Structures are given as structure tokens and as C-alpha cells.
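Undergrad: Please find structure_9.cif (mmCIF, C-alpha atoms) on the next line:
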data_start
#
loop_
_atom_site.label_atom_id
_atom_site.label_comp_id
_atom_site.auth_asym_id
_atom_site.auth_seq_id
_atom_site.Cartn_x
_atom_site.Cartn_y
_atom_site.Cartn_z
CA MET A 51 123.90 132.50 137.74
CA LYS A 52 120.56 133.74 139.08
CA THR A 53 120.66 136.75 141.41
CA VAL A 54 118.59 136.99 144.60
CA ASN A 55 118.03 139.99 146.89
CA SER A 56 117.52 138.75 150.46
CA LEU A 57 115.16 141.24 152.12
CA SER A 58 114.70 141.74 155.86
CA GLY A 59 112.26 144.65 155.94
CA GLY A 60 115.02 147.07 156.93
CA LYS A 61 116.24 150.14 155.10
CA SER A 62 119.51 148.57 153.91
CA SER A 63 118.15 145.48 152.17
CA SER A 64 115.27 147.58 150.80
CA TYR A 65 117.88 149.96 149.35
CA ILE A 66 119.46 146.98 147.58
CA ALA A 67 116.10 145.96 146.11
CA ALA A 68 115.58 149.52 144.86
CA ASN A 69 119.04 150.01 143.37
CA TYR A 70 120.35 146.57 142.41
CA PRO A 71 117.70 144.70 140.40
CA ALA A 72 117.78 140.93 140.77
CA ASP A 73 116.08 137.93 139.25
CA TYR A 74 114.31 137.35 142.57
CA ASN A 75 113.48 139.37 145.68
CA VAL A 76 112.67 137.18 148.69
CA PHE A 77 111.39 138.05 152.17
CA SER A 78 110.82 135.67 155.09
CA LEU A 79 108.08 136.92 157.45
CA VAL A 80 108.03 136.19 161.19
CA ARG A 81 104.47 135.23 162.13
CA THR A 82 102.59 134.37 165.30
CA SER A 83 99.32 132.50 165.79
CA ASP A 84 98.61 134.50 168.97
CA LYS A 85 95.48 136.58 168.32
CA SER A 86 96.51 139.14 170.93
CA CYS A 87 99.09 140.22 168.32
CA ILE A 88 96.59 140.37 165.44
CA PHE A 89 97.42 142.76 162.61
CA PRO A 90 94.74 145.45 162.82
CA ASP A 91 93.82 145.81 159.13
CA LYS A 92 91.65 142.89 157.96
CA LYS A 93 92.12 143.69 154.27
CA ILE A 94 95.90 143.71 154.54
CA ARG A 95 95.80 140.49 156.60
CA GLN A 96 94.08 138.86 153.64
CA ILE A 97 96.64 140.27 151.19
CA VAL A 98 99.48 138.80 153.28
CA SER A 99 97.63 135.48 153.68
CA ASP A 100 97.34 135.25 149.89
CA LYS A 101 101.05 135.98 149.49
CA ILE A 102 102.28 133.36 151.97
CA GLY A 103 99.62 130.73 151.25
CA VAL A 104 98.52 130.32 154.89
CA GLU A 105 96.44 132.40 157.29
CA PHE A 106 98.23 135.51 158.52
CA ILE A 107 97.21 136.61 162.01
CA GLY A 108 100.08 138.84 163.05
CA THR A 109 103.81 139.36 163.21
CA LEU A 110 106.16 139.59 166.19
CA GLU A 111 108.05 142.31 164.38
CA GLN A 112 106.64 145.83 164.32
CA ASP A 113 103.47 146.00 162.24
CA ASN A 114 105.08 148.65 160.03
CA ILE A 115 107.14 145.92 158.36
CA ILE A 116 104.03 144.70 156.50
CA GLN A 117 103.31 148.09 154.96
CA ILE A 118 106.99 148.59 154.13
CA MET A 119 107.21 145.36 152.16
CA LEU A 120 103.97 146.08 150.30
CA ASP A 121 105.20 149.61 149.53
CA LEU A 122 108.59 148.33 148.42
CA GLU A 123 107.05 145.93 145.93
CA GLN A 124 105.19 148.82 144.32
CA PHE A 125 108.29 151.03 144.43
CA ILE A 126 110.57 148.58 142.61
CA GLY A 127 107.83 147.41 140.24
CA LYS A 128 108.72 143.76 140.71
CA GLU A 129 107.30 140.87 142.72
CA ILE A 130 108.62 140.20 146.20
CA ILE A 131 108.31 136.55 147.18
CA TRP A 132 107.00 136.22 150.75
CA LEU A 133 107.85 133.08 152.75
CA SER A 134 106.46 131.99 156.12
CA PRO A 135 105.99 128.22 156.50
CA LEU A 136 106.16 128.27 160.32
CA THR A 137 105.02 130.64 163.04
CA PHE A 138 107.34 131.55 165.91
CA ASP A 139 104.93 129.56 168.10
CA ASP A 140 105.64 126.48 165.93
CA VAL A 141 109.39 126.89 166.39
CA LEU A 142 109.08 126.78 170.19
CA ASN A 143 107.75 123.23 170.25
CA GLU A 144 110.01 120.64 171.86
CA LYS A 145 110.73 118.83 168.59
CA LEU A 146 112.62 121.85 167.28
CA MET A 147 113.81 123.62 170.44
CA GLY A 148 113.89 120.94 173.12
CA LYS A 149 113.32 122.59 176.48
CA LEU A 150 115.03 125.86 175.55
CA LEU A 151 114.01 129.23 174.23
CA PRO A 152 116.13 130.72 171.44
CA ASN A 153 119.08 132.62 172.90
CA HIS A 154 122.55 133.87 172.01
CA MET A 155 123.91 130.30 171.92
CA HIS A 156 120.89 128.67 170.28
CA ARG A 157 119.47 130.92 167.57
CA GLN A 158 116.91 128.52 166.17
CA CYS A 159 114.47 131.38 165.59
CA THR A 160 116.73 132.84 162.90
CA HIS A 161 117.43 129.36 161.56
CA TYR A 162 113.82 128.18 161.21
CA LEU A 163 112.10 131.49 160.51
CA LYS A 164 114.62 133.08 158.14
CA PHE A 165 117.32 130.72 156.89
CA VAL A 166 115.48 127.44 156.26
CA PRO A 167 112.52 129.00 154.40
CA ILE A 168 114.88 130.76 152.00
CA LEU A 169 117.00 127.63 151.50
CA ASN A 170 113.95 125.47 150.77
CA TRP A 171 112.52 128.11 148.44
CA TRP A 172 115.84 128.25 146.56
CA TYR A 173 115.87 124.47 146.05
CA LYS A 174 112.36 124.45 144.56
CA ALA A 175 112.55 127.69 142.57
CA ILE A 176 116.18 127.78 141.36
CA GLY A 177 118.09 124.61 142.21
CA ASN A 178 121.43 125.87 140.92
CA THR A 179 124.00 127.98 142.74
CA CYS A 180 122.80 131.57 142.99
CA ASP A 181 124.32 134.94 143.83
CA MET A 182 122.53 136.20 146.93
CA ARG A 183 122.92 139.84 147.99
CA ILE A 184 123.10 140.66 151.69
CA GLY A 185 122.35 144.13 153.12
CA PHE A 186 125.50 144.78 155.15
CA ARG A 187 126.58 148.40 154.80
CA TYR A 188 130.00 149.96 154.34
CA GLY A 189 131.46 149.94 157.86
CA GLU A 190 130.00 146.51 158.67
CA GLU A 191 132.87 144.54 157.21
CA LYS A 192 133.27 142.54 160.43
CA ARG A 193 129.79 141.09 159.99
CA LYS A 194 130.72 140.11 156.43
CA LEU A 195 133.94 138.46 157.57
CA ARG A 196 132.15 136.37 160.21
CA ILE A 197 129.96 134.88 157.49
CA ASP A 198 132.66 134.59 154.82
CA GLU A 199 134.88 132.59 157.19
CA LYS A 200 132.28 129.79 157.10
CA LEU A 201 132.20 129.55 153.30
CA LYS A 202 133.98 126.86 151.28
CA GLY A 203 135.80 128.26 148.29
CA GLY A 204 133.58 131.31 148.42
CA PHE A 205 130.34 129.31 148.41
CA GLN A 206 127.87 128.20 151.07
CA PHE A 207 126.95 124.53 151.33
CA ASP A 208 123.90 123.31 153.25
CA LYS A 209 121.76 120.21 153.46
CA VAL A 210 118.29 120.29 151.97
CA VAL A 211 115.48 117.72 151.81
CA VAL A 212 115.38 116.33 148.27
CA GLY A 213 112.86 113.53 148.73
CA LYS A 214 111.89 110.56 150.87
CA HIS A 215 113.51 107.19 151.57
CA LYS A 216 111.43 104.02 151.28
CA ASN A 217 110.98 104.03 155.05
CA GLY A 218 109.40 107.49 154.84
CA ARG A 219 112.33 109.39 156.36
CA ASN A 220 113.61 112.54 154.70
CA LYS A 221 116.37 112.18 152.13
CA TRP A 222 118.98 114.92 152.51
CA GLU A 223 121.67 116.16 150.14
CA GLU A 224 124.33 118.81 150.63
CA LYS A 225 124.06 121.54 148.01
CA LYS A 226 126.41 124.33 146.93
CA TRP A 227 123.56 126.75 146.89
CA ARG A 228 124.83 130.30 147.06
CA LYS A 229 127.67 132.75 146.86
CA LEU A 230 127.17 135.91 148.89
CA SER A 231 127.51 139.44 147.57
CA TYR A 232 127.64 142.69 149.53
CA PRO A 233 126.88 145.53 147.10
CA LEU A 234 126.65 148.18 149.83
CA ILE A 235 130.14 147.36 151.11
CA ASP A 236 131.55 147.07 147.58
CA ASN A 237 130.14 150.47 146.63
CA MET A 238 130.90 152.14 149.98
CA ILE A 239 127.23 152.84 150.77
CA LYS A 240 126.96 154.07 154.37
CA SER A 241 124.01 154.30 156.75
CA ILE A 242 123.63 158.04 156.09
CA ASP A 243 123.43 157.40 152.33
CA ILE A 244 120.61 154.92 152.87
CA ASP A 245 118.74 157.21 155.26
CA ASN A 246 118.97 160.07 152.77
CA PHE A 247 117.73 157.84 149.96
CA TRP A 248 114.56 156.92 151.86
CA LYS A 249 114.00 160.49 153.01
CA ASN A 250 113.85 161.39 149.33
CA ASN A 251 111.66 158.41 148.42
CA LYS A 252 108.78 158.48 150.85
CA GLN A 253 106.68 156.03 148.85
CA VAL A 254 108.13 153.36 151.14
CA ARG A 255 106.81 154.35 154.55
CA PHE A 256 109.51 153.81 157.17
CA LYS A 257 107.87 155.27 160.27
CA GLU A 258 109.86 157.01 163.00
CA GLY A 259 110.91 154.48 165.63
CA TYR A 260 110.79 151.56 163.20
CA TYR A 261 113.36 148.77 163.55
CA ASN A 262 113.04 145.48 161.74
CA ASN A 263 113.57 142.17 163.60
CA CYS A 264 111.39 140.84 166.38
CA VAL A 265 110.11 143.32 168.97
CA GLY A 266 111.49 141.11 171.76
CA CYS A 267 114.73 140.02 170.09
CA PHE A 268 117.19 138.83 172.75
CA HIS A 269 120.02 140.63 170.96
CA ARG A 270 118.51 143.92 172.10
CA ASN A 271 119.58 145.57 175.33
CA ALA A 272 117.22 145.82 178.29
CA LEU A 273 116.45 149.54 177.91
CA PHE A 274 115.58 149.05 174.25
CA LEU A 275 113.32 146.11 175.12
CA ASN A 276 111.64 148.21 177.79
CA LYS A 277 110.97 150.91 175.20
CA MET A 278 109.54 148.26 172.87
CA ALA A 279 107.26 147.11 175.71
CA GLN A 280 105.91 150.65 176.04
CA GLU A 281 105.19 150.88 172.31
CA HIS A 282 104.22 147.25 171.59
CA LYS A 283 102.86 145.87 174.85
CA ASN A 284 100.98 142.93 173.34
CA LYS A 285 104.05 141.64 171.51
CA MET A 286 106.41 141.99 174.45
CA GLU A 287 103.81 140.17 176.54
CA TRP A 288 104.08 137.27 174.08
CA PHE A 289 107.83 137.10 174.69
CA ALA A 290 107.45 137.38 178.47
CA ASN A 291 104.80 134.66 178.48
CA GLN A 292 107.25 132.16 176.98
CA GLU A 293 109.56 132.36 180.00
CA ASN A 294 109.22 130.23 183.13
CA GLU A 295 111.51 128.88 185.86
CA LYS A 296 113.46 126.77 183.36
CA LYS A 297 113.23 128.73 180.11
CA TYR A 298 114.43 132.25 179.38
CA TRP A 299 115.61 134.34 176.45
CA ILE A 300 118.70 135.95 178.02
CA SER A 301 119.31 134.58 181.52
CA LYS A 302 117.45 133.81 184.72
CA LYS A 303 118.73 137.15 186.04
CA LYS A 304 117.22 139.08 183.11
CA LEU A 305 113.61 138.00 182.78
CA TYR A 306 111.42 139.79 180.27
CA ARG A 307 108.67 140.31 182.84
CA ASP A 308 111.13 142.34 184.93
CA ILE A 309 112.35 144.26 181.88
CA ILE A 310 108.76 145.19 181.00
CA LYS A 311 108.12 146.49 184.54
CA TYR A 312 111.33 148.54 184.66
CA GLN A 313 110.70 152.30 184.97
CA PRO A 314 113.60 154.37 183.56
CA GLN A 315 114.48 157.53 185.46
CA MET A 316 114.02 159.57 182.28
CA GLU A 317 111.74 159.12 179.31
CA LEU A 318 113.61 157.60 176.38
CA LYS A 319 112.88 158.08 172.70
CA PHE A 320 113.85 155.74 169.89
CA SER A 321 116.23 158.45 168.69
CA ASP A 322 118.21 157.86 171.91
CA PHE A 323 119.20 154.41 170.62
CA ASN A 324 121.38 153.35 167.74
CA GLU A 325 121.39 150.24 165.56
CA CYS A 326 123.79 148.43 167.89
CA ASP A 327 121.11 148.67 170.57
CA SER A 328 118.40 147.34 168.30
CA GLY A 329 119.89 143.90 167.58
CA TYR A 330 119.84 142.00 164.32
CA CYS A 331 119.34 138.48 163.01
CA GLY A 332 122.78 138.36 161.43
CA LEU A 333 121.49 137.54 157.95
#
Show the structure stored in the file as C-alpha cells.

TA:
Amino acid sequence: MKTVNSLSGGKSSSYIAANYPADYNVFSLVRTSDKSCIFPDKKIRQIVSDKIGVEFIGTLEQDNIIQIMLDLEQFIGKEIIWLSPLTFDDVLNEKLMGKLLPNHMHRQCTHYLKFVPILNWWYKAIGNTCDMRIGFRYGEEKRKLRIDEKLKGGFQFDKVVVGKHKNGRNKWEEKKWRKLSYPLIDNMIKSIDIDNFWKNNKQVRFKEGYYNNCVGCFHRNALFLNKMAQEHKNKMEWFANQENEKKYWISKKKLYRDIIKYQPQMELKFSDFNECDSGYCGL
């Protein structure tokens, strides 16, 4: 059975790539076509474009994620496969999202930007059931259980496009495509262990205040989003610009434009937040 490390750009999944070699390392990049969020380094934009096979303008995650993934590939000495068939802007069209924005009940952003690219890559590159490692740490067993409860006999089944019917419509088949492994939980690797590992291995440049996942992720609390708006104004503006009188990320009482304008009574630092504040895609 082929092994796959599913990478998010965070410290935990990067730790897995560094310490648990796999047949494949795969990373799904969140992109935007909005040039106000352009990645500042033209040379690196070209490197990323070459990796994903389409033009890379920018990401709606923190820009540091690009350098981290390039560093990590050098650190482990093995190719990381980058995927990014759709931009976040593509996902918001009515064909995929209807008249909604992604939210706690409708997480199509995670589905189309993370899950589907990896599933489709697996079908083309592997095709047989694989062992996919997930970066949940020791102490995050509840996250593991929420996913494991959805498995069938310990395996995940999903539908994938395998061809076309004569009428041109997609032909789908359900595939038993992966079992999930949690090496950090199995080996009791805690957050402090991972932090210490990267403090001792500075070749992968995790900058202070870096959190993977989208800058404006709706899982994040309002104070954290406000801090993100101070540090990444252009990207939080993208999120705020998607909202109108009928569409919102959290609720009509918590609009991003209001969150951006909020002025905390005291200056907050990223060290004032923890990972529960920062949100996560749940992968």
C-alpha cells in the first residue's frame, strides 16, 4: 500500500514529512486571481506557477506558506506535489456555491480547494487504496474520532470521475481510496515537541505570527480576524468584499467589514492567541 503525507503548510504536517518518509508528499494550495493579493516575489511566483501548472498570482493564506513549502521540500530532500486546480474565486461561483458563501454549515472551500484536488490526484497517480497520514497531534484525539466515525471498515470511500458517458456527462464511481493514519497521536507527539523540533531546524522558516489556513477563515474568532486584518489588510479586504446583504461568512450580525474596523482596547500580539483561536480546515 502506497503511503501519502497530506501537507497543510503547518508545523504538524511538516513534522510528519520530516520524520515519517512516504511514497508521496502532497500539498493543496489555496490561490486567488485577485491581483491586490499578488505574491510580491516575481521569481517565486514563477516557481509556484511551474509547480501547479497554472499561473500563480497569490494565496489567501499568509504568504509565508509559500516559502515554508519550498523550504520543506529542500529539507526532506524529496519532491512535494503541489495541487491547485481552482482559485478560491472560482469556488464562489453559483455553480459550486449557489448563493452562499462558505460557512460553518457549508464548507465548500475546504471541499473544493483541499479535499477534491487530493482525491483526483490520488485517482490519477495511485488508483489503489493508500495509507494517508494526517497531522493531528497527541491531545487532538477528538478530531481523529470525528473523522474515523465516518469511515467504513476503517477506510474512506468517495466518488471520483472516471470518464464520460456517451451523452458527455461525467461518469462517477465510488472508490475505497484511503485509510487514515495519525503518526503524531500514535507516537504521543505533542505541540511542544513539534515547536522544539522546528526551533532546532531553522532551515524551514516558520515566521513569528504564522498560522496556516486562510487569513479570513470563518473558523477564526473575531479578535483573531481583526489582528489578521491589521497584518494582511489586502487579504482581509478580499474576504470582506465577498459579503453583501444576502451573503456572509459567519452571520449577518458579524460582518467582516465591521470586524476589520473594530479597534481593540489594547494592542494584541499573535502570542496572545492559541491554536483554538486560529481555526483549521479539519483535514

Undergrad: Expanded to explicit residues, what is the PyMOL selection byres ((chain A and resi 238-240) around 12) for this file, as a ChimeraX atom specification?

TA: /A:61-63,65-66,69,185-191,232-237,241-247

Undergrad: Report as JSON, numbers by chain the full result of the PyMOL selection byres ((chain A and resi 170-184) around 6) when it is applied to this structure.

TA: {"A": [51, 52, 53, 54, 55, 167, 168, 169, 185, 186, 227, 228, 229, 230, 231, 232]}

Undergrad: The selected residues should be written to file as an mmCIF file, keeping the file's coordinate frame (atoms: C-alpha atoms).

TA:
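The result, written out as out15.cif:
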data_model
loop_
_atom_site.group_PDB
_atom_site.id
_atom_site.type_symbol
_atom_site.label_atom_id
_atom_site.label_comp_id
_atom_site.auth_asym_id
_atom_site.auth_seq_id
_atom_site.Cartn_x
_atom_site.Cartn_y
_atom_site.Cartn_z
ATOM 1 C CA MET A 51 123.900 132.500 137.740
ATOM 2 C CA LYS A 52 120.560 133.740 139.080
ATOM 3 C CA THR A 53 120.660 136.750 141.410
ATOM 4 C CA VAL A 54 118.590 136.990 144.600
ATOM 5 C CA ASN A 55 118.030 139.990 146.890
ATOM 6 C CA PRO A 167 112.520 129.000 154.400
ATOM 7 C CA ILE A 168 114.880 130.760 152.000
ATOM 8 C CA LEU A 169 117.000 127.630 151.500
ATOM 9 C CA GLY A 185 122.350 144.130 153.120
ATOM 10 C CA PHE A 186 125.500 144.780 155.150
ATOM 11 C CA TRP A 227 123.560 126.750 146.890
ATOM 12 C CA ARG A 228 124.830 130.300 147.060
ATOM 13 C CA LYS A 229 127.670 132.750 146.860
ATOM 14 C CA LEU A 230 127.170 135.910 148.890
ATOM 15 C CA SER A 231 127.510 139.440 147.570
ATOM 16 C CA TYR A 232 127.640 142.690 149.530
#

Undergrad: Counting only C-alpha atoms, I want the residues whose atoms come within 9 Å of (113.5, 145.5, 143.8) in the file frame, returned as an MDAnalysis selection string.

TA: chainID A and resid 55 64:72 74:75 122:130

Undergrad: Using atom CA of Gly148 of chain A and atom CA of Lys297 of chain A as the two end points, give the distance in Å to one decimal.

TA: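 These two atoms are separated by 10.5 Å.
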
Undergrad: Please compute the atom CA of Ala290 of chain A-atom CA of Arg307 of chain A distance, one decimal, in Å.

TA: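 Separation of atom CA of Ala290 of chain A and atom CA of Arg307 of chain A: 5.4 Å.
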